[in-house]
$ cat coords-v4.cif   # mmCIF, C-alpha atoms and all ligand atoms
data_protein
#
loop_
_atom_site.label_atom_id
_atom_site.label_comp_id
_atom_site.auth_asym_id
_atom_site.auth_seq_id
_atom_site.Cartn_x
_atom_site.Cartn_y
_atom_site.Cartn_z
CA MET H 1 0.00 0.00 0.00
CA ASN H 2 1.39 3.44 -0.85
CA PHE H 3 1.79 6.11 1.81
CA LYS H 4 -1.21 8.19 0.71
CA ASP H 5 -3.53 5.18 0.89
CA GLU H 6 -2.07 4.18 4.23
CA VAL H 7 -2.77 7.67 5.60
CA LYS H 8 -6.33 7.57 4.22
CA LYS H 9 -6.93 4.25 5.96
CA GLU H 10 -5.52 5.55 9.23
CA ILE H 11 -7.66 8.69 9.06
CA LEU H 12 -10.80 6.61 8.56
CA ALA H 13 -9.86 4.41 11.53
CA GLN H 14 -9.08 7.50 13.61
CA GLY H 15 -12.53 8.90 12.79
CA LYS H 16 -14.12 5.79 14.29
CA ASP H 17 -11.87 5.62 17.34
CA LYS H 18 -14.00 6.26 20.43
CA LYS H 19 -10.99 6.94 22.69
CA ILE H 20 -9.59 9.77 20.61
CA LEU H 21 -13.09 11.18 20.11
CA LYS H 22 -13.67 11.34 23.85
CA ILE H 23 -10.29 12.96 24.59
CA THR H 24 -10.69 15.40 21.70
CA LYS H 25 -14.16 16.52 22.79
CA LYS H 26 -12.88 17.11 26.31
CA TRP H 27 -9.86 18.99 25.02
CA MET H 28 -11.96 21.05 22.61
CA GLU H 29 -14.41 22.05 25.34
CA ARG H 30 -11.63 23.34 27.56
CA ALA H 31 -9.81 24.96 24.63
CA GLN H 32 -13.02 26.78 23.72
CA GLU H 33 -13.33 28.08 27.27
CA LEU H 34 -9.75 29.37 27.01
CA ARG H 35 -10.48 30.97 23.60
CA TYR H 36 -7.82 28.80 21.98
CA SER H 37 -9.00 29.50 18.43
CA TYR H 38 -8.26 33.21 18.90
CA HIS H 39 -4.61 32.73 19.76
CA PHE H 40 -3.02 32.46 16.32
CA GLU H 41 -1.88 34.72 13.52
CA TRP H 42 -1.00 34.24 9.90
CA MET H 43 1.61 36.65 8.52
CA GLY H 44 0.83 39.10 11.29
CA ARG H 45 -2.97 39.02 11.14
CA PRO H 46 -5.13 37.29 13.75
CA ILE H 47 -6.91 34.22 12.42
CA ILE H 48 -9.77 32.52 14.28
CA GLN H 49 -9.00 28.91 13.41
CA HIS H 50 -7.44 25.84 14.88
CA PRO H 51 -4.04 25.16 13.29
CA GLN H 52 -5.23 21.61 12.47
CA ASP H 53 -8.00 23.08 10.30
CA MET H 54 -5.54 25.43 8.63
CA ILE H 55 -3.34 22.52 7.61
CA ALA H 56 -6.34 20.63 6.22
CA THR H 57 -7.44 23.72 4.29
CA GLN H 58 -3.94 24.15 2.92
CA GLN H 59 -4.06 20.56 1.64
CA LEU H 60 -7.37 21.22 -0.12
CA ILE H 61 -6.15 24.47 -1.67
CA TRP H 62 -2.97 22.83 -2.94
CA ASP H 63 -4.96 19.92 -4.42
CA ILE H 64 -7.54 22.10 -6.14
CA LYS H 65 -5.37 25.12 -7.02
CA PRO H 66 -8.38 27.42 -7.31
CA ASP H 67 -8.19 30.76 -9.07
CA LEU H 68 -10.89 32.12 -6.76
CA ILE H 69 -11.55 31.51 -3.08
CA ILE H 70 -14.69 33.08 -1.67
CA GLU H 71 -14.85 33.43 2.11
CA THR H 72 -17.86 34.60 4.09
CA GLY H 73 -16.85 35.92 7.52
CA ILE H 74 -13.40 37.49 7.52
CA ALA H 75 -13.11 38.95 11.04
CA ARG H 76 -9.58 40.42 11.38
CA GLY H 77 -8.44 39.15 8.01
CA GLY H 78 -6.05 36.37 9.07
CA SER H 79 -7.84 33.71 7.05
CA LEU H 80 -8.01 35.95 3.97
CA ILE H 81 -4.27 36.59 4.20
CA PHE H 82 -3.67 32.86 4.74
CA TYR H 83 -5.59 31.89 1.58
CA ALA H 84 -4.04 34.74 -0.42
CA SER H 85 -0.53 33.70 0.64
CA LEU H 86 -1.19 30.11 -0.46
CA LEU H 87 -2.44 31.35 -3.82
CA GLU H 88 0.69 33.49 -4.05
CA LEU H 89 2.89 30.44 -3.41
CA ILE H 90 0.97 28.26 -5.85
CA SER H 91 1.26 30.97 -8.49
CA GLN H 92 5.06 30.64 -8.16
CA SER H 93 4.71 27.17 -9.62
CA GLY H 94 3.10 28.75 -12.69
CA LYS H 95 -0.02 26.62 -12.22
CA ILE H 96 -2.44 29.49 -11.66
CA LYS H 97 -2.42 33.12 -12.66
CA ASN H 98 -4.20 36.09 -11.12
CA ALA H 99 -5.81 34.00 -8.42
CA LYS H 100 -7.90 36.01 -5.96
CA VAL H 101 -9.63 35.78 -2.62
CA LEU H 102 -13.01 37.46 -2.24
CA GLY H 103 -13.96 38.20 1.37
CA ILE H 104 -17.45 39.10 2.53
CA ASP H 105 -18.28 40.36 6.00
CA ILE H 106 -21.25 42.14 7.51
CA ASP H 107 -18.92 44.34 9.56
CA ILE H 108 -15.43 45.13 8.27
CA ARG H 109 -14.01 47.21 11.06
CA LYS H 110 -11.92 50.26 10.18
CA GLU H 111 -8.79 49.11 12.01
CA ASN H 112 -8.97 45.66 10.39
CA LEU H 113 -9.52 47.11 6.94
CA LYS H 114 -6.52 49.40 7.41
CA GLU H 115 -4.25 46.47 8.35
CA ILE H 116 -5.56 44.21 5.57
CA LYS H 117 -5.08 46.96 3.00
CA LYS H 118 -1.45 47.54 3.93
CA HIS H 119 -0.60 43.84 3.92
CA PRO H 120 1.58 42.56 1.03
CA MET H 121 -1.06 39.88 0.29
CA TYR H 122 -3.77 42.51 -0.23
CA LYS H 123 -2.92 42.48 -3.93
CA ARG H 124 -4.84 39.18 -4.13
CA ILE H 125 -7.78 40.25 -1.98
CA ASN H 126 -11.13 41.86 -2.80
CA LEU H 127 -13.67 42.75 -0.17
CA ILE H 128 -17.41 43.23 0.01
CA GLU H 129 -19.08 44.58 3.14
CA GLY H 130 -22.61 43.36 3.84
CA SER H 131 -24.47 40.26 4.87
CA SER H 132 -23.46 37.25 2.80
CA THR H 133 -27.12 36.40 2.23
CA ASN H 134 -28.15 39.88 1.18
CA LYS H 135 -29.29 39.88 -2.47
CA GLU H 136 -27.21 42.90 -3.51
CA VAL H 137 -24.15 41.33 -1.88
CA TYR H 138 -24.41 37.94 -3.50
CA GLU H 139 -25.24 39.47 -6.86
CA LYS H 140 -21.94 41.32 -6.60
CA VAL H 141 -20.24 38.02 -5.70
CA TYR H 142 -21.85 36.23 -8.69
CA LYS H 143 -20.72 39.01 -11.02
CA PHE H 144 -17.19 38.98 -9.65
CA SER H 145 -16.90 35.20 -9.85
CA LYS H 146 -17.84 35.00 -13.54
CA LYS H 147 -14.31 35.43 -14.82
CA PHE H 148 -12.88 32.58 -12.72
CA LYS H 149 -12.60 28.92 -13.64
CA LYS H 150 -11.91 27.04 -10.40
CA ILE H 151 -13.78 28.27 -7.39
CA MET H 152 -13.66 27.20 -3.74
CA VAL H 153 -16.03 28.54 -1.10
CA PHE H 154 -15.40 28.79 2.65
CA LEU H 155 -18.38 29.62 4.87
CA ASP H 156 -17.33 31.05 8.23
CA SER H 157 -19.76 33.85 9.03
CA ASN H 158 -22.90 33.55 11.15
CA HIS H 159 -23.05 29.91 12.29
CA THR H 160 -26.77 29.61 12.95
CA GLU H 161 -28.43 26.75 11.12
CA GLU H 162 -30.75 29.11 9.24
CA HIS H 163 -27.93 31.34 8.00
CA VAL H 164 -25.68 28.47 6.98
CA ILE H 165 -28.50 26.83 5.00
CA ASN H 166 -29.17 30.13 3.23
CA GLU H 167 -25.48 30.56 2.49
CA LEU H 168 -25.24 27.02 1.16
CA GLU H 169 -28.14 27.66 -1.19
CA ILE H 170 -26.48 30.77 -2.54
CA TYR H 171 -22.79 29.91 -2.52
CA ALA H 172 -22.68 26.18 -3.28
CA LYS H 173 -23.76 27.02 -6.84
CA LEU H 174 -20.53 28.87 -7.36
CA VAL H 175 -18.30 25.92 -6.49
CA THR H 176 -16.83 24.46 -9.64
CA LYS H 177 -16.75 20.75 -10.41
CA ASN H 178 -14.39 18.70 -8.19
CA SER H 179 -13.80 21.69 -5.93
CA TYR H 180 -15.08 22.21 -2.37
CA CYS H 181 -17.49 24.25 -0.32
CA VAL H 182 -16.14 24.10 3.23
CA VAL H 183 -18.47 24.95 6.10
CA PHE H 184 -16.44 25.82 9.19
CA ASP H 185 -19.07 24.40 11.50
CA THR H 186 -18.06 20.88 12.42
CA LEU H 187 -17.65 21.65 16.11
CA ILE H 188 -20.82 23.70 16.55
CA ASP H 189 -23.09 20.87 17.69
CA ASP H 190 -20.46 19.60 20.11
CA PHE H 191 -20.51 22.73 22.23
CA PRO H 192 -23.84 22.91 23.99
CA LEU H 193 -22.53 25.60 26.32
CA VAL H 194 -21.45 27.82 23.50
CA CYS H 195 -23.97 27.17 20.81
CA GLY H 196 -26.85 25.22 22.28
CA LYS H 197 -28.38 22.13 20.76
CA ASN H 198 -30.64 24.19 18.58
CA ARG H 199 -28.32 26.61 16.86
CA LEU H 200 -31.28 28.62 15.63
CA GLY H 201 -32.27 29.54 19.14
CA GLU H 202 -28.83 30.62 20.27
CA LYS H 203 -28.04 33.27 17.70
CA THR H 204 -26.84 35.94 20.12
CA ILE H 205 -24.53 33.63 22.00
CA ILE H 206 -22.95 32.33 18.82
CA GLN H 207 -22.32 35.84 17.58
CA LYS H 208 -20.80 36.89 20.88
CA VAL H 209 -18.34 34.00 20.73
CA HIS H 210 -17.19 35.01 17.25
C1 LIG H 301 -15.74 33.30 12.93
S1 LIG H 301 -15.54 34.93 12.44
C2 LIG H 301 -14.61 34.69 10.97
C3 LIG H 301 -13.22 34.20 11.23
C4 LIG H 301 -12.31 34.25 10.04
N1 LIG H 301 -12.79 33.46 8.95
C5 LIG H 301 -10.96 33.74 10.45
O1 LIG H 301 -10.67 32.56 10.19
O2 LIG H 301 -10.19 34.52 11.05
C6 LIG H 301 -17.14 35.35 11.90
C7 LIG H 301 -17.29 36.65 11.07
O3 LIG H 301 -18.54 36.57 10.40
C8 LIG H 301 -19.08 37.86 10.30
N2 LIG H 301 -20.51 37.74 10.05
C9 LIG H 301 -21.52 37.49 10.94
N3 LIG H 301 -22.70 37.46 10.31
C10 LIG H 301 -22.44 37.66 8.99
C11 LIG H 301 -23.25 37.73 7.83
N4 LIG H 301 -24.57 37.61 7.91
N5 LIG H 301 -22.66 37.93 6.64
C12 LIG H 301 -21.31 38.08 6.56
N6 LIG H 301 -20.51 38.05 7.61
C13 LIG H 301 -21.06 37.84 8.81
C14 LIG H 301 -18.68 38.55 11.60
O4 LIG H 301 -18.69 39.94 11.43
C15 LIG H 301 -17.30 37.94 11.87
O5 LIG H 301 -16.30 38.82 11.38
#
$ encode --input "coords-v4.cif" --output "structure tokens"
Amino acid sequence: MNFKDEVKKEILAQGKDKKILKITKKWMERAQELRYSYHFEWMGRPIIQHPQDMIATQQLIWDIKPDLIIETGIARGGSLIFYASLLELISQSGKIKNAKVLGIDIDIRKENLKEIKKHPMYKRINLIEGSSTNKEVYEKVYKFSKKFKKIMVFLDSNHTEEHVINELEIYAKLVTKNSYCVVFDTLIDDFPLVCGKNRLGEKTIIQKVH
């Protein structure tokens, strides 16, 4: 068996392993209480992600080599800069040209915008302020995306069930064949204290956490 297949097999086994699941849930709960996901930066900008997720995302981006990444929910810009820097590196291989990241956020704060704009990776970034599910906003996104051939979508904005379903309806259409729409929500249901069982009913709490 080659190494890639071996890793695949191990990952599947790991996903079914009750011991690691139990330890991980415990660890994640405590890490959430300590605001672990807020403690990292990418090229100087705060990113609200677990490094494990960043590595997985990097693997996807390298595999797909998209010329457009659309992200809903940009916060302080760390994830935008992360994706833009990966596109910059991939472009060095000559495999993609003029690849861009399009970020959408309901509230792009002045100080964050200032820092994002002066970052060397800003050359690959475009921004739209507004709710990702607002018609005018997504029409702008559709228009912008027309000139791109390989599109990935990352949904990381408002994590209520209702909003994510609406986003999926709008944004999944833009994902090109064999590419991915990643919803940064896997942990939501595992944190009753943070998000509640019914994510719809806990809107305010979810927003406060993010
Ligand atoms: C979890 S943070 C994003 C973290 C960022 N992706 C990162 O990795 O650093 C969520 C962001 O979603 C934004 N947001 C909340 N509701 C939104 C909506 N309806 N449309 C677009 N953005 C929204 C918030 O303003 C916040 O900046």
$ residues_near_ligand --input "coords-v4.cif" --ligand "ligand LIG 301 (chain H)" --cutoff "7 Å" --atoms "only C-alpha atoms and all ligand atoms" --output "list of chain:residue names"
H:Pro46, H:Ile47, H:Ile48, H:Gln49, H:Thr72, H:Gly73, H:Ile74, H:Ala75, H:Arg76, H:Gly77, H:Gly78, H:Ser79, H:Ile104, H:Asp105, H:Ile106, H:Asp107, H:Ile108, H:Gly130, H:Ser131, H:Ser132, H:Thr133, H:Asp156, H:Ser157, H:Asn158, H:Gln207, H:His210
$ residues_around --input "coords-v4.cif" --residues "range 51-62 of chain H" --least-positions-apart "3" --cutoff "8 Å" --atoms "all atoms listed in the file" --output "list in words"
Phe40, Lys65, Pro66, Leu86 and Ile90 of chain H
$ write_last_selection --input "coords-v4.cif" --atoms "C-alpha atoms" --output "PDB file, in the coordinates of the input"
ATOM      1  CA  PHE H  40      -3.020  32.460  16.320  1.00  0.00           C
ATOM      2  CA  LYS H  65      -5.370  25.120  -7.020  1.00  0.00           C
ATOM      3  CA  PRO H  66      -8.380  27.420  -7.310  1.00  0.00           C
ATOM      4  CA  LEU H  86      -1.190  30.110  -0.460  1.00  0.00           C
ATOM      5  CA  ILE H  90       0.970  28.260  -5.850  1.00  0.00           C
TER       6      ILE H  90
END
$ residues_around --input "coords-v4.cif" --residues "Val175 in chain H" --least-positions-apart "4" --cutoff "8 Å" --atoms "all atoms listed in the file" --output "VMD selection string"
chain H and resid 150 to 153 171 179 to 181
$ atom_distance --input "coords-v4.cif" --atom1 "CA of Ala31 in chain H" --atom2 "CA of Leu187 in chain H"
12.0 Å
$ closest_residue --input "coords-v4.cif" --among "H:Val183, H:Ala13, H:Lys177, H:Ile81" --to "Ile165 in chain H" --atoms "only C-alpha atoms"
H:Val183
$ atom_distance --input "coords-v4.cif" --atom1 "CA of Phe148 in chain H" --atom2 "CA of Ile64 in chain H"
13.5 Å
$ closest_atom_pairs --input "coords-v4.cif" --of "range 80-105 of chain H" --to "range 112-121 of chain H" --cutoff "10 Å" --atoms "all atoms listed in the file" --output "JSON lines"
{"residue": "H:Leu80", "atom": "CA", "partner": "H:Ile116", "partner_atom": "CA", "distance": 8.8}
{"residue": "H:Ile81", "atom": "CA", "partner": "H:Met121", "partner_atom": "CA", "distance": 6.0}
{"residue": "H:Phe82", "atom": "CA", "partner": "H:Met121", "partner_atom": "CA", "distance": 8.7}
{"residue": "H:Tyr83", "atom": "CA", "partner": "H:Met121", "partner_atom": "CA", "distance": 9.3}
{"residue": "H:Ala84", "atom": "CA", "partner": "H:Met121", "partner_atom": "CA", "distance": 6.0}
{"residue": "H:Ser85", "atom": "CA", "partner": "H:Met121", "partner_atom": "CA", "distance": 6.2}
{"residue": "H:Leu86", "atom": "CA", "partner": "H:Met121", "partner_atom": "CA", "distance": 9.8}
{"residue": "H:Leu87", "atom": "CA", "partner": "H:Met121", "partner_atom": "CA", "distance": 9.6}
{"residue": "H:Glu88", "atom": "CA", "partner": "H:Met121", "partner_atom": "CA", "distance": 7.9}
{"residue": "H:Val101", "atom": "CA", "partner": "H:Met121", "partner_atom": "CA", "distance": 9.9}
$ closest_residue --input "coords-v4.cif" --among "H:Lys19, H:His39, H:Lys100, H:Lys9" --to "Ser145 in chain H" --atoms "all atoms listed in the file"
H:Lys100
$ decode --input "coords-v4.cif" --residues "range 74-117 of chain H" --atoms "C-alpha atoms" --output "PDB file, in the first residue's frame"
ATOM      1  CA  ILE H  74     -13.403  37.488   7.517  1.00  0.00           C
ATOM      2  CA  ALA H  75     -13.106  38.950  11.044  1.00  0.00           C
ATOM      3  CA  ARG H  76      -9.579  40.423  11.385  1.00  0.00           C
ATOM      4  CA  GLY H  77      -8.435  39.152   8.010  1.00  0.00           C
ATOM      5  CA  GLY H  78      -6.051  36.372   9.070  1.00  0.00           C
ATOM      6  CA  SER H  79      -7.839  33.714   7.047  1.00  0.00           C
ATOM      7  CA  LEU H  80      -8.009  35.945   3.968  1.00  0.00           C
ATOM      8  CA  ILE H  81      -4.269  36.591   4.201  1.00  0.00           C
ATOM      9  CA  PHE H  82      -3.670  32.864   4.744  1.00  0.00           C
ATOM     10  CA  TYR H  83      -5.587  31.891   1.576  1.00  0.00           C
ATOM     11  CA  ALA H  84      -4.042  34.742  -0.416  1.00  0.00           C
ATOM     12  CA  SER H  85      -0.528  33.698   0.641  1.00  0.00           C
ATOM     13  CA  LEU H  86      -1.193  30.109  -0.459  1.00  0.00           C
ATOM     14  CA  LEU H  87      -2.439  31.348  -3.824  1.00  0.00           C
ATOM     15  CA  GLU H  88       0.693  33.493  -4.055  1.00  0.00           C
ATOM     16  CA  LEU H  89       2.895  30.443  -3.410  1.00  0.00           C
ATOM     17  CA  ILE H  90       0.968  28.265  -5.850  1.00  0.00           C
ATOM     18  CA  SER H  91       1.262  30.970  -8.493  1.00  0.00           C
ATOM     19  CA  GLN H  92       5.058  30.638  -8.162  1.00  0.00           C
ATOM     20  CA  SER H  93       4.705  27.168  -9.622  1.00  0.00           C
ATOM     21  CA  GLY H  94       3.097  28.748 -12.685  1.00  0.00           C
ATOM     22  CA  LYS H  95      -0.018  26.618 -12.219  1.00  0.00           C
ATOM     23  CA  ILE H  96      -2.443  29.488 -11.659  1.00  0.00           C
ATOM     24  CA  LYS H  97      -2.419  33.116 -12.663  1.00  0.00           C
ATOM     25  CA  ASN H  98      -4.195  36.093 -11.123  1.00  0.00           C
ATOM     26  CA  ALA H  99      -5.813  34.003  -8.417  1.00  0.00           C
ATOM     27  CA  LYS H 100      -7.904  36.008  -5.957  1.00  0.00           C
ATOM     28  CA  VAL H 101      -9.634  35.781  -2.617  1.00  0.00           C
ATOM     29  CA  LEU H 102     -13.009  37.461  -2.239  1.00  0.00           C
ATOM     30  CA  GLY H 103     -13.965  38.196   1.370  1.00  0.00           C
ATOM     31  CA  ILE H 104     -17.452  39.099   2.534  1.00  0.00           C
ATOM     32  CA  ASP H 105     -18.277  40.356   6.004  1.00  0.00           C
ATOM     33  CA  ILE H 106     -21.247  42.141   7.511  1.00  0.00           C
ATOM     34  CA  ASP H 107     -18.917  44.344   9.555  1.00  0.00           C
ATOM     35  CA  ILE H 108     -15.431  45.128   8.270  1.00  0.00           C
ATOM     36  CA  ARG H 109     -14.011  47.208  11.058  1.00  0.00           C
ATOM     37  CA  LYS H 110     -11.922  50.258  10.180  1.00  0.00           C
ATOM     38  CA  GLU H 111      -8.787  49.107  12.013  1.00  0.00           C
ATOM     39  CA  ASN H 112      -8.970  45.656  10.387  1.00  0.00           C
ATOM     40  CA  LEU H 113      -9.523  47.111   6.936  1.00  0.00           C
ATOM     41  CA  LYS H 114      -6.516  49.398   7.414  1.00  0.00           C
ATOM     42  CA  GLU H 115      -4.248  46.468   8.347  1.00  0.00           C
ATOM     43  CA  ILE H 116      -5.561  44.209   5.573  1.00  0.00           C
ATOM     44  CA  LYS H 117      -5.076  46.955   3.000  1.00  0.00           C
TER      45      LYS H 117
END
